[in-house]
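Source file: start.txt. Holds: compact mmCIF, C-alpha atoms.
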```txt
# COMPACT_ATOMS: atom_id res chain seq x y z
CA MET A 1043 -12.07 22.29 -5.12
CA SER A 1044 -8.31 21.97 -4.65
CA ARG A 1045 -6.20 22.52 -7.72
CA THR A 1046 -2.55 21.73 -8.32
CA HIS A 1047 -0.11 23.10 -10.87
CA VAL A 1048 1.78 20.24 -12.53
CA SER A 1049 4.99 20.39 -14.58
CA CYS A 1050 6.00 17.22 -16.37
CA LYS A 1051 7.21 15.83 -19.67
CA VAL A 1052 4.67 14.41 -22.09
CA ASN A 1053 5.88 12.72 -25.26
CA GLY A 1054 9.27 14.34 -24.83
CA GLU A 1055 8.00 17.90 -24.40
CA ASP A 1056 7.88 19.92 -21.20
CA VAL A 1057 4.28 20.76 -20.37
CA GLU A 1058 2.47 22.50 -17.56
CA PHE A 1059 -1.16 22.27 -16.60
CA LEU A 1060 -3.53 23.09 -13.79
CA THR A 1061 -5.62 20.18 -12.57
CA ALA A 1062 -8.24 19.47 -9.97
CA ASP A 1063 -6.59 17.31 -7.31
CA ALA A 1064 -9.31 14.70 -7.72
CA SER A 1065 -8.70 14.34 -11.49
CA SER A 1066 -7.05 11.34 -13.02
CA LEU A 1067 -4.01 11.61 -15.26
CA LEU A 1068 -6.30 10.36 -18.03
CA ASP A 1069 -8.63 13.34 -17.58
CA ALA A 1070 -5.70 15.75 -17.47
CA LEU A 1071 -4.23 14.32 -20.68
CA ARG A 1072 -7.54 14.50 -22.50
CA HIS A 1073 -9.02 17.72 -21.12
CA GLU A 1074 -6.04 19.87 -20.16
CA LEU A 1075 -3.58 18.79 -22.83
CA GLY A 1076 -5.94 17.75 -25.64
CA LEU A 1077 -4.27 14.35 -26.00
CA ILE A 1078 -7.30 12.19 -26.68
CA GLY A 1079 -5.49 8.99 -27.73
CA ALA A 1080 -5.83 7.39 -24.31
CA LYS A 1081 -9.46 6.37 -23.84
CA GLU A 1082 -11.62 5.81 -20.83
CA GLY A 1083 -13.20 2.37 -21.08
CA CYS A 1084 -13.99 1.21 -17.54
CA GLY A 1085 -12.35 3.86 -15.37
CA THR A 1086 -11.36 1.19 -12.86
CA GLY A 1087 -8.14 -0.29 -14.27
CA ASP A 1088 -9.73 -3.38 -15.81
CA CYS A 1089 -9.74 -2.65 -19.56
CA GLY A 1090 -6.39 -1.01 -20.28
CA SER A 1091 -7.69 1.41 -22.92
CA CYS A 1092 -6.22 4.34 -20.95
CA SER A 1093 -2.73 2.75 -20.83
CA VAL A 1094 0.23 5.13 -20.94
CA LEU A 1095 3.87 4.89 -19.94
CA LEU A 1096 4.72 6.72 -16.69
CA ASP A 1097 8.49 6.95 -16.25
CA GLY A 1098 8.69 4.08 -18.73
CA LYS A 1099 6.26 1.84 -16.84
CA LEU A 1100 2.94 0.77 -18.30
CA VAL A 1101 0.07 2.05 -16.14
CA CYS A 1102 -3.65 2.70 -16.39
CA SER A 1103 -3.86 6.51 -16.49
CA CYS A 1104 -7.37 6.32 -15.04
CA LEU A 1105 -5.83 5.03 -11.78
CA VAL A 1106 -3.11 7.70 -11.60
CA MET A 1107 -4.03 10.91 -9.80
CA ALA A 1108 -3.16 13.83 -12.10
CA PRO A 1109 -0.95 15.64 -9.53
CA GLU A 1110 1.21 12.50 -9.31
CA ALA A 1111 2.63 13.38 -12.74
CA GLU A 1112 4.69 16.24 -11.27
CA GLY A 1113 8.27 15.83 -12.52
CA ARG A 1114 7.47 12.55 -14.29
CA GLU A 1115 7.67 11.53 -17.93
CA VAL A 1116 4.51 10.41 -19.68
CA VAL A 1117 4.30 8.74 -23.09
CA THR A 1118 0.94 8.42 -24.82
CA VAL A 1119 0.06 6.93 -28.19
CA GLU A 1120 0.59 10.38 -29.69
CA GLY A 1121 4.28 10.00 -28.80
CA LEU A 1122 4.86 6.71 -30.62
CA ALA A 1123 5.31 7.95 -34.19
CA GLU A 1124 8.38 9.98 -35.13
CA GLY A 1125 7.01 12.79 -37.28
CA ASP A 1126 5.31 11.15 -40.24
CA HIS A 1127 6.96 7.80 -39.57
CA LEU A 1128 4.66 5.45 -37.73
CA HIS A 1129 6.13 3.22 -35.03
CA PRO A 1130 6.53 -0.33 -36.39
CA LEU A 1131 3.74 -1.46 -34.04
CA GLN A 1132 1.38 1.17 -35.45
CA ARG A 1133 2.23 0.00 -38.96
CA THR A 1134 1.84 -3.72 -38.28
CA PHE A 1135 -1.49 -3.05 -36.52
CA LEU A 1136 -2.68 -1.16 -39.61
CA GLU A 1137 -1.31 -3.64 -42.14
CA GLY A 1138 -2.68 -6.62 -40.22
CA ALA A 1139 -6.06 -4.99 -39.55
CA ALA A 1140 -5.47 -5.57 -35.85
CA LEU A 1141 -8.30 -3.27 -34.90
CA GLN A 1142 -11.97 -2.85 -35.53
CA CYS A 1143 -13.58 0.06 -33.67
CA GLY A 1144 -10.18 1.29 -32.45
CA VAL A 1145 -11.09 2.33 -28.91
CA CYS A 1146 -8.74 -0.20 -27.33
CA THR A 1147 -5.95 0.31 -29.89
CA PRO A 1148 -3.95 3.12 -28.24
CA GLY A 1149 -3.80 1.07 -25.04
CA PHE A 1150 -2.78 -2.08 -26.89
CA LEU A 1151 -0.02 -0.16 -28.70
CA LEU A 1152 1.45 1.14 -25.44
CA ALA A 1153 1.16 -2.27 -23.76
CA ALA A 1154 2.82 -3.90 -26.78
CA LYS A 1155 5.59 -1.30 -26.73
CA ALA A 1156 6.20 -1.88 -23.01
CA LEU A 1157 6.26 -5.64 -23.65
CA LEU A 1158 8.74 -5.43 -26.55
CA ASP A 1159 10.94 -2.91 -24.69
CA ALA A 1160 11.29 -5.45 -21.85
CA ASN A 1161 11.24 -8.60 -23.97
CA PRO A 1162 12.16 -8.01 -27.64
CA ASN A 1163 11.44 -11.58 -28.73
CA PRO A 1164 8.37 -12.79 -26.80
CA THR A 1165 6.62 -16.10 -27.41
CA GLU A 1166 2.96 -16.06 -28.36
CA THR A 1167 2.07 -17.00 -24.78
CA GLU A 1168 4.19 -14.16 -23.41
CA ILE A 1169 2.46 -11.74 -25.78
CA ARG A 1170 -0.98 -12.93 -24.67
CA TYR A 1171 -0.04 -12.58 -20.99
CA GLY A 1172 1.68 -9.25 -21.62
CA LEU A 1173 -1.50 -7.91 -23.22
CA ALA A 1174 -3.85 -9.51 -20.69
CA GLY A 1175 -4.58 -6.13 -19.13
CA ASN A 1176 -6.06 -4.83 -22.38
CA LEU A 1177 -9.55 -5.80 -23.43
CA CYS A 1178 -10.87 -5.69 -27.00
CA ARG A 1179 -14.65 -5.99 -27.16
CA CYS A 1180 -14.54 -6.44 -30.95
CA THR A 1181 -12.55 -9.62 -30.15
CA GLY A 1182 -9.65 -9.08 -32.46
CA TYR A 1183 -6.99 -10.67 -30.28
CA ASP A 1184 -5.44 -13.02 -32.86
CA LYS A 1185 -4.66 -10.22 -35.29
CA ILE A 1186 -3.28 -8.11 -32.45
CA VAL A 1187 -0.94 -10.93 -31.39
CA LYS A 1188 0.21 -11.40 -34.99
CA ALA A 1189 0.83 -7.66 -35.36
CA VAL A 1190 2.99 -7.67 -32.24
CA GLN A 1191 4.92 -10.69 -33.53
CA GLU A 1192 5.58 -8.93 -36.84
CA ALA A 1193 6.67 -5.72 -35.13
CA SER A 1194 8.95 -7.78 -32.90
CA VAL A 1195 10.67 -9.28 -35.96
CA GLU A 1196 11.03 -5.86 -37.55
CA LEU A 1197 12.32 -4.14 -34.43
CA ARG A 1198 14.95 -6.84 -33.92
CA GLY A 1199 15.99 -6.44 -37.55
CA ALA A 1200 15.53 -10.18 -37.90
CA MET B 999 -10.29 16.55 -2.07
CA LYS B 1000 -6.73 17.74 -1.69
CA TYR B 1001 -3.69 15.81 -2.90
CA VAL B 1002 -0.42 15.98 -0.96
CA SER B 1003 2.87 14.17 -1.49
CA PRO B 1004 5.07 14.29 1.59
CA THR B 1005 8.72 13.26 1.28
CA THR B 1006 9.29 12.01 4.83
CA VAL B 1007 7.48 9.69 7.23
CA ASP B 1008 7.26 12.52 9.78
CA GLU B 1009 5.64 14.85 7.28
CA ALA B 1010 3.10 12.17 6.33
CA ARG B 1011 2.37 11.49 10.01
CA SER B 1012 1.71 15.21 10.65
CA LEU B 1013 -0.51 15.57 7.58
CA LEU B 1014 -2.63 12.63 8.72
CA ALA B 1015 -2.84 13.96 12.29
CA GLU B 1016 -3.82 17.45 11.15
CA ASN B 1017 -6.43 16.41 8.61
CA PRO B 1018 -9.39 14.37 9.86
CA GLY B 1019 -10.76 12.18 7.09
CA SER B 1020 -7.42 12.00 5.30
CA ARG B 1021 -6.14 8.78 3.83
CA VAL B 1022 -2.84 7.40 2.56
CA PHE B 1023 -2.49 5.71 -0.79
CA ALA B 1024 0.18 3.99 -2.89
CA GLY B 1025 -0.88 2.70 -6.31
CA ALA B 1026 -4.55 3.74 -5.98
CA THR B 1027 -5.57 0.54 -7.80
CA ASP B 1028 -8.18 -0.18 -5.12
CA LEU B 1029 -8.76 3.41 -3.97
CA VAL B 1030 -9.86 4.88 -7.32
CA PRO B 1031 -12.37 2.11 -8.15
CA GLN B 1032 -13.77 2.44 -4.59
CA MET B 1033 -14.22 6.19 -4.98
CA ARG B 1034 -15.83 5.67 -8.38
CA ALA B 1035 -18.18 3.14 -6.84
CA GLY B 1036 -19.42 5.89 -4.52
CA ARG B 1037 -17.33 5.57 -1.39
CA PRO B 1038 -16.80 8.98 0.20
CA GLU B 1039 -13.69 10.81 -1.00
CA PRO B 1040 -11.04 11.40 1.65
CA SER B 1041 -10.54 15.05 2.66
CA VAL B 1042 -6.84 14.78 1.91
CA LEU B 1043 -5.18 12.11 -0.16
CA VAL B 1044 -1.65 11.46 1.10
CA ASP B 1045 0.54 9.96 -1.65
CA LEU B 1046 3.24 7.85 0.02
CA LYS B 1047 5.32 7.22 -3.11
CA ARG B 1048 7.58 10.27 -2.75
CA ILE B 1049 8.91 8.98 0.59
CA ASP B 1050 12.15 7.10 -0.15
CA ARG B 1051 11.65 4.54 2.61
CA LEU B 1052 8.21 3.64 1.30
CA VAL B 1053 9.52 2.77 -2.19
CA SER B 1054 12.89 1.18 -1.47
CA VAL B 1055 13.86 -2.47 -1.40
CA THR B 1056 16.96 -3.59 0.49
CA HIS B 1057 18.42 -6.97 1.30
CA ALA B 1058 21.14 -7.01 3.95
CA ASP B 1059 22.14 -9.00 7.03
CA GLY B 1060 19.74 -11.84 6.24
CA ARG B 1061 16.67 -9.64 5.95
CA TRP B 1062 14.61 -8.04 3.21
CA VAL B 1063 13.08 -4.64 3.89
CA ILE B 1064 10.43 -3.73 1.35
CA GLY B 1065 8.85 -0.27 1.25
CA ALA B 1066 5.10 -0.65 1.68
CA ALA B 1067 4.32 1.46 -1.41
CA THR B 1068 6.87 -0.23 -3.71
CA PRO B 1069 5.25 -1.42 -6.95
CA THR B 1070 4.94 -5.20 -6.81
CA SER B 1071 6.46 -5.49 -10.31
CA ARG B 1072 9.76 -4.43 -8.75
CA LEU B 1073 9.67 -7.58 -6.57
CA THR B 1074 8.39 -9.94 -9.24
CA HIS B 1075 11.22 -8.78 -11.56
CA ASP B 1076 13.92 -9.16 -8.89
CA PRO B 1077 15.57 -12.57 -9.44
CA ASP B 1078 17.08 -12.61 -5.93
CA PHE B 1079 13.68 -12.02 -4.36
CA THR B 1080 11.74 -14.43 -6.57
CA SER B 1081 14.26 -17.24 -6.03
CA MET B 1082 14.13 -16.78 -2.25
CA PHE B 1083 10.36 -16.27 -1.96
CA PRO B 1084 8.75 -17.84 -5.03
CA GLY B 1085 5.42 -18.07 -3.18
CA ILE B 1086 5.27 -14.35 -2.38
CA ALA B 1087 6.30 -13.59 -5.97
CA GLU B 1088 3.57 -15.92 -7.26
CA GLY B 1089 0.98 -14.12 -5.17
CA ALA B 1090 2.17 -10.63 -6.10
CA GLY B 1091 2.40 -11.70 -9.74
CA LEU B 1092 -1.30 -12.58 -9.80
CA ILE B 1093 -2.56 -9.13 -8.79
CA GLY B 1094 -4.17 -7.84 -11.99
CA SER B 1095 -2.36 -6.93 -15.19
CA ASP B 1096 1.13 -5.54 -15.82
CA GLN B 1097 -0.51 -2.10 -15.68
CA ILE B 1098 -1.79 -2.86 -12.17
CA GLN B 1099 1.44 -4.50 -10.96
CA ASN B 1100 3.41 -1.39 -11.91
CA ARG B 1101 1.28 0.41 -9.30
CA SER B 1102 0.02 -2.16 -6.79
CA SER B 1103 1.95 -2.55 -3.54
CA LEU B 1104 2.23 -5.05 -0.71
CA GLY B 1105 1.05 -2.35 1.72
CA GLY B 1106 -2.01 -1.56 -0.35
CA ASN B 1107 -2.88 -5.18 -1.01
CA LEU B 1108 -2.75 -5.85 2.73
CA CYS B 1109 -4.49 -2.71 4.03
CA ASN B 1110 -7.31 -2.89 1.48
CA GLY B 1111 -8.36 -5.76 3.72
CA SER B 1112 -9.71 -8.10 1.08
CA PRO B 1113 -9.78 -11.73 2.27
CA ALA B 1114 -8.80 -12.62 -1.31
CA ALA B 1115 -5.62 -10.47 -1.41
CA ASP B 1116 -3.17 -12.61 -3.37
CA SER B 1117 0.09 -11.40 -1.83
CA VAL B 1118 -0.99 -11.86 1.79
CA PRO B 1119 -1.11 -15.66 2.42
CA ALA B 1120 2.52 -16.21 1.37
CA MET B 1121 3.63 -13.11 3.31
CA ILE B 1122 2.08 -14.64 6.42
CA ALA B 1123 3.59 -18.04 5.62
CA SER B 1124 7.00 -16.34 5.48
CA GLY B 1125 6.52 -14.68 8.85
CA ALA B 1126 6.63 -11.17 7.35
CA ARG B 1127 6.36 -8.23 9.75
CA ALA B 1128 4.83 -4.81 9.14
CA VAL B 1129 6.62 -1.73 10.44
CA ILE B 1130 3.89 0.79 11.23
CA ALA B 1131 4.27 4.55 11.60
CA SER B 1132 2.27 5.31 14.73
CA ALA B 1133 1.44 8.66 16.31
CA ASP B 1134 4.69 8.93 18.24
CA GLY B 1135 7.06 6.44 16.66
CA GLU B 1136 7.08 3.06 15.00
CA ARG B 1137 5.78 -0.33 15.99
CA THR B 1138 6.31 -3.70 14.35
CA VAL B 1139 3.63 -6.39 14.17
CA PRO B 1140 3.29 -9.69 12.31
CA VAL B 1141 1.48 -9.22 8.98
CA ALA B 1142 -1.08 -11.74 10.24
CA GLU B 1143 -2.22 -9.20 12.87
CA VAL B 1144 -2.90 -6.31 10.48
CA VAL B 1145 -6.22 -7.32 8.90
CA THR B 1146 -9.10 -7.92 11.29
CA GLY B 1147 -12.01 -8.38 8.86
CA PRO B 1148 -13.12 -7.51 5.33
CA GLY B 1149 -11.85 -3.96 4.72
CA GLN B 1150 -10.84 -3.64 8.39
CA THR B 1151 -7.36 -3.33 9.88
CA SER B 1152 -5.86 -3.02 13.35
CA LEU B 1153 -4.17 0.25 12.34
CA ALA B 1154 -5.33 3.27 14.36
CA ASP B 1155 -6.39 6.51 12.66
CA GLY B 1156 -3.30 8.24 11.33
CA GLU B 1157 -1.19 5.08 11.27
CA PHE B 1158 0.25 3.63 8.08
CA ILE B 1159 2.64 0.85 7.13
CA ILE B 1160 6.14 2.06 6.28
CA GLU B 1161 7.75 -1.19 5.23
CA PHE B 1162 7.74 -4.96 5.54
CA GLU B 1163 10.56 -7.03 7.01
CA ILE B 1164 11.04 -10.59 5.83
CA ASP B 1165 13.89 -12.72 7.15
CA ASP B 1166 15.81 -14.92 4.75
CA PRO B 1167 14.37 -18.43 5.02
CA PRO B 1168 16.45 -21.14 6.70
CA ALA B 1169 18.29 -23.59 4.42
CA GLY B 1170 16.01 -26.26 2.98
CA THR B 1171 12.94 -23.99 2.87
CA GLY B 1172 10.45 -23.67 0.03
CA ASP B 1173 7.23 -21.73 -0.33
CA ALA B 1174 4.37 -21.64 -2.83
CA TYR B 1175 1.08 -19.87 -3.52
CA LEU B 1176 -1.71 -21.25 -5.67
CA ARG B 1177 -5.12 -19.85 -6.42
CA VAL B 1178 -8.24 -20.81 -8.30
CA THR B 1179 -10.15 -18.31 -10.44
CA PRO B 1180 -12.77 -18.79 -13.15
CA ARG B 1181 -10.49 -17.02 -15.64
CA THR B 1182 -6.77 -17.68 -16.02
CA GLU B 1183 -5.86 -13.99 -15.54
CA MET B 1184 -7.31 -10.75 -14.21
CA ASP B 1185 -9.60 -12.26 -11.65
CA ILE B 1186 -10.16 -12.40 -7.91
CA ALA B 1187 -9.24 -15.54 -6.00
CA VAL B 1188 -12.09 -17.96 -5.28
CA VAL B 1189 -9.60 -19.79 -3.08
CA GLY B 1190 -5.92 -19.09 -2.44
CA ALA B 1191 -3.46 -21.27 -0.56
CA ALA B 1192 0.10 -20.65 0.53
CA ALA B 1193 2.50 -23.10 2.11
CA ARG B 1194 6.02 -22.89 3.40
CA LEU B 1195 8.02 -25.92 4.51
CA THR B 1196 11.50 -26.39 5.89
CA LEU B 1197 13.05 -29.82 5.40
CA ASP B 1198 15.92 -31.59 7.10
CA GLY B 1199 16.51 -34.49 4.77
CA ASP B 1200 13.00 -35.90 4.33
CA THR B 1201 11.75 -34.66 7.69
CA ILE B 1202 9.63 -31.54 7.82
CA THR B 1203 11.00 -29.31 10.58
CA ASP B 1204 8.75 -26.27 10.07
CA ALA B 1205 5.47 -25.73 8.24
CA ARG B 1206 2.99 -22.99 7.57
CA VAL B 1207 -0.26 -23.41 5.68
CA VAL B 1208 -2.33 -20.28 5.01
CA LEU B 1209 -5.63 -19.88 3.15
CA GLY B 1210 -7.07 -16.83 1.40
CA ALA B 1211 -10.60 -16.02 0.20
CA VAL B 1212 -12.33 -18.66 2.36
CA ALA B 1213 -12.89 -16.69 5.57
CA PRO B 1214 -13.34 -13.04 6.64
CA THR B 1215 -9.55 -12.77 6.82
CA THR B 1216 -6.60 -14.81 5.62
CA VAL B 1217 -6.39 -17.84 7.95
CA ARG B 1218 -3.72 -20.31 9.00
CA VAL B 1219 -4.41 -24.03 9.26
CA PRO B 1220 -2.83 -25.05 12.58
CA ALA B 1221 -3.97 -28.69 12.39
CA ALA B 1222 -2.17 -29.12 9.06
CA GLU B 1223 0.96 -27.38 10.33
CA GLU B 1224 1.09 -29.55 13.46
CA ALA B 1225 0.64 -32.73 11.45
CA LEU B 1226 3.36 -31.76 8.98
CA ILE B 1227 6.03 -30.80 11.51
CA GLY B 1228 8.18 -33.83 12.41
CA SER B 1229 6.69 -35.93 9.62
CA THR B 1230 7.71 -37.12 6.19
CA LEU B 1231 5.50 -36.15 3.28
CA SER B 1232 3.11 -38.92 2.20
CA ASP B 1233 -0.21 -39.20 0.39
CA ALA B 1234 -1.95 -39.85 3.71
CA LEU B 1235 -0.37 -36.75 5.23
CA LEU B 1236 -1.39 -34.64 2.23
CA ASP B 1237 -4.95 -35.92 2.55
CA HIS B 1238 -4.86 -34.88 6.21
CA VAL B 1239 -3.63 -31.41 5.16
CA ALA B 1240 -6.52 -31.16 2.70
CA ALA B 1241 -9.11 -32.22 5.28
CA SER B 1242 -7.69 -29.77 7.85
CA ALA B 1243 -7.81 -26.91 5.33
CA SER B 1244 -11.41 -27.70 4.40
CA ASP B 1245 -12.26 -27.75 8.12
CA VAL B 1246 -10.85 -24.24 8.60
CA ALA B 1247 -12.56 -22.83 5.50
CA ASN B 1248 -15.58 -20.71 6.35
CA PRO B 1249 -16.31 -19.12 2.98
CA ILE B 1250 -19.06 -16.96 1.55
CA ASN B 1251 -21.44 -17.97 -1.20
CA ASP B 1252 -21.17 -15.69 -4.20
CA LYS B 1253 -21.09 -15.65 -7.97
CA ARG B 1254 -17.46 -16.79 -7.96
CA GLY B 1255 -18.05 -19.94 -5.95
CA THR B 1256 -20.40 -21.71 -3.60
CA VAL B 1257 -19.60 -22.55 0.01
CA GLU B 1258 -19.31 -26.25 -0.90
CA TYR B 1259 -17.00 -25.57 -3.85
CA ARG B 1260 -14.73 -23.21 -1.94
CA THR B 1261 -14.52 -25.58 1.03
CA GLN B 1262 -13.49 -28.52 -1.12
CA VAL B 1263 -11.08 -26.51 -3.27
CA ALA B 1264 -9.43 -25.06 -0.13
CA GLY B 1265 -8.36 -28.61 0.71
CA VAL B 1266 -7.19 -29.43 -2.79
CA LEU B 1267 -5.16 -26.23 -3.12
CA ALA B 1268 -3.63 -26.52 0.35
CA LYS B 1269 -2.46 -30.03 -0.48
CA ARG B 1270 -0.98 -28.95 -3.81
CA ALA B 1271 0.70 -25.88 -2.27
CA VAL B 1272 2.29 -28.06 0.42
CA ALA B 1273 3.52 -30.54 -2.20
CA LEU B 1274 4.99 -27.73 -4.32
CA ALA B 1275 6.63 -26.07 -1.30
CA ALA B 1276 8.14 -29.45 -0.33
CA GLN B 1277 9.49 -29.95 -3.83
CA ARG B 1278 11.09 -26.48 -3.74
CA ALA B 1279 12.47 -27.07 -0.25
CA GLY B 1280 14.00 -30.35 -1.46
CA ASN B 1281 15.65 -28.49 -4.32
CA GLY B 1282 17.54 -26.36 -1.86
CA GLY B 1283 14.81 -23.81 -1.20
```

For the structure just supplied, provide its representation as structure tokens.
Amino acid sequence: MSRTHVSCKVNGEDVEFLTADASSLLDALRHELGLIGAKEGCGTGDCGSCSVLLDGKLVCSCLVMAPEAEGREVVTVEGLAEGDHLHPLQRTFLEGAALQCGVCTPGFLLAAKALLDANPNPTETEIRYGLAGNLCRCTGYDKIVKAVQEASVELRGA
Amino acid sequence: MKYVSPTTVDEARSLLAENPGSRVFAGATDLVPQMRAGRPEPSVLVDLKRIDRLVSVTHADGRWVIGAATPTSRLTHDPDFTSMFPGIAEGAGLIGSDQIQNRSSLGGNLCNGSPAADSVPAMIASGARAVIASADGERTVPVAEVVTGPGQTSLADGEFIIEFEIDDPPAGTGDAYLRVTPRTEMDIAVVGAAARLTLDGDTITDARVVLGAVAPTTVRVPAAEEALIGSTLSDALLDHVAASASDVANPINDKRGTVEYRTQVAGVLAKRAVALAAQRAGNGG
């Protein structure tokens, strides 16, 4: 089995790991780096629970080959909080009970962050389309949309 | 399986020539699910995204050149591109979620060979050309000649698409792509239809009508194009476009739609795409 040594930045820190060439970035994050926030739901890019930011772009880490991360910057849900201070999205999700089982939540948080980074004041429709690549099988979409709206207000200081 | 990431077209060409069973990839949004579904792994996976030419977008001298591995989100977020080719942007903007569009590419969408590929009908309607890295150089072919059947392309072993060339449309041109899916998002086209019209006043001087997901490959509708050229848009003409599109449709029966449904909807969508393209052409393209 071919293996590749990868150096990249994860959540702001320089990291190195050895990965099988056939591994996904998701597997490398979880098994080589112990970052288990990103989850494998479908493994085929349909559910979004493995969402991370790769050089600032929202991607499904299950569809990224681990060696592709060489020299790139990865942000996972573990990188959202600053120390003990939760990211506003994490707080509004908690306060609004925008989760039930929680498996989809890390992916929703990254997708919501990518959405608000690009569009700080989205309409409800834009939020629903922006989060369309993330599935919640507990069907908590309304609370998730409200949490994103509240975080949007807070982040804009409105 | 070995992963390699060449930085030049020549290096990629050599890697493919030296490694039987190797395969290129861009966003891997089709490749990974196919491998997970049990398709044999390539011996060597050649990542094209570290080759500058494959991920660059330029617009100069009346021509767009789009690297075949460029994420489609780069095009759908480029106001100059989307205003010139709203139909291609509509197609590319329907490929999966934001997560997918940050990885999916025009080259991958085409070479995956799905008859339902959303970006392909409008590319063909716009006369896009594929620049292919061949064994000893480069060759350029119309996008319409790349896919030969479901999952099949005319590319020889070791060949890959470097970039697409699309000429700026003539003044008074508009294009459009519409599709029907059971869900509003994250679904595969049951029928797709692209149209591109060029108008001189009210007279149609050029027309392309292209259908997706209703035949083994994307197909043009020559009878509709011939009827449109030289005519003025009317309800009767649109009905003729619809009938011609339904005639060309040769769809499969599956859980997403029956033969009868797809055949009828091919006509309806072709008609609507032509009307939308005409409206855009009338607004200055």

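Those residues of chain B that fall within 9 Å of chain A when using all atoms listed in the file read Met999, Lys1000, Tyr1001, Val1002, Ser1003, Gly1025, Ala1026, Thr1027, Asp1028, Leu1029, Val1030, Pro1031, Gln1032, Arg1034, Glu1039, Leu1043, Asp1045, Gly1094, Ser1095, Asp1096, Gln1097, Ile1098, Gln1099, Asn1100, Arg1101, Glu1183 and Met1184 of chain B.
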
Inset, instruction - Dig up all the protein and nucleic acid residues within 12 Å of (-2.8, 7.8, 4.7) in the file frame, using all atoms listed in the file, and format them as a ChimeraX atom specification. - result: /B:1001-1004,1007,1009-1024,1026,1029,1040-1047,1066-1067,1105-1106,1109,1130-1132,1153-1160

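Here atom CA of Val1188 of chain B stands at a distance of 9.3 Å from atom CA of Thr1256 of chain B.
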
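In this structure, atom CA of Leu1231 of chain B sits 10.2 Å away from atom CA of Gln1277 of chain B.
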
Inset, instruction - Pick out the residues sitting within 6 Å of Gly1149 of chain A, and hand them over as a list of chain:residue names; count all atoms listed in the file, and ignore anything fewer than 2 positions along from it in its own chain. - result: A:Gly1090, A:Ser1091, A:Cys1092, A:Ser1093, A:Cys1146, A:Thr1147, A:Leu1151, A:Leu1152

Could those residues be written to a file, using C-alpha atoms, as a PDB file, in the coordinates of the input?
```
ATOM      1  CA  GLY A1090      -6.390  -1.010 -20.280  1.00  0.00           C
ATOM      2  CA  SER A1091      -7.690   1.410 -22.920  1.00  0.00           C
ATOM      3  CA  CYS A1092      -6.220   4.340 -20.950  1.00  0.00           C
ATOM      4  CA  SER A1093      -2.730   2.750 -20.830  1.00  0.00           C
ATOM      5  CA  CYS A1146      -8.740  -0.200 -27.330  1.00  0.00           C
ATOM      6  CA  THR A1147      -5.950   0.310 -29.890  1.00  0.00           C
ATOM      7  CA  LEU A1151      -0.020  -0.160 -28.700  1.00  0.00           C
ATOM      8  CA  LEU A1152       1.450   1.140 -25.440  1.00  0.00           C
TER       9      LEU A1152
END
```

Quick one: what's the axis-aligned box for segment 1055-1062 of chain B, all listed atoms, 4 Å on every side, centre and edges in Å to one decimal, as AutoDock Vina command-line options?
```
--center_x 18.0 --center_y -7.2 --center_z 2.8 --size_x 16.3 --size_y 17.4 --size_z 16.4
```

Inset, instruction - Pick out the residues sitting within 7 Å of Ala1140 of chain A, and hand them over as a ChimeraX atom specification; count all atoms listed in the file, and ignore anything fewer than 6 positions along from it in its own chain. - result: /A:1182,1185-1186,1189

Put those residues in a file: C-alpha atoms, as a compact mmCIF listing (two decimals), in the frame of the given file.
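And here is the file that came out, again-v5.txt:
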```txt
# COMPACT_ATOMS: atom_id res chain seq x y z
CA GLY A 1182 -9.65 -9.08 -32.46
CA LYS A 1185 -4.66 -10.22 -35.29
CA ILE A 1186 -3.28 -8.11 -32.45
CA ALA A 1189 0.83 -7.66 -35.36
```

Legend entry - Interatomic distance (Å, one decimal) between atom CA of Pro1220 of chain B and atom CA of Ser1124 of chain B: 14.9 Å

Please write segment 1192-1199 of chain A of the preceding block to a file containing N, CA and C atoms, as a compact mmCIF listing (two decimals), in the first residue's frame?
```txt
# COMPACT_ATOMS: atom_id res chain seq x y z
N GLU A 1192 -29.78 33.99 13.79
CA GLU A 1192 -29.37 34.70 15.00
C GLU A 1192 -27.87 34.96 15.03
N ALA A 1193 -27.10 33.98 14.58
CA ALA A 1193 -25.65 34.18 14.53
C ALA A 1193 -25.29 35.27 13.53
N SER A 1194 -26.06 35.33 12.44
CA SER A 1194 -25.82 36.35 11.42
C SER A 1194 -26.00 37.74 12.01
N VAL A 1195 -27.07 37.91 12.79
CA VAL A 1195 -27.34 39.20 13.44
C VAL A 1195 -26.18 39.54 14.38
N GLU A 1196 -25.78 38.55 15.17
CA GLU A 1196 -24.73 38.79 16.16
C GLU A 1196 -23.39 39.12 15.50
N LEU A 1197 -23.07 38.37 14.45
CA LEU A 1197 -21.77 38.58 13.80
C LEU A 1197 -21.70 39.92 13.09
N ARG A 1198 -22.86 40.42 12.65
CA ARG A 1198 -22.87 41.73 11.99
C ARG A 1198 -22.94 42.85 13.00
N GLY A 1199 -23.10 42.47 14.29
CA GLY A 1199 -23.21 43.48 15.34
C GLY A 1199 -24.47 44.30 15.19
```
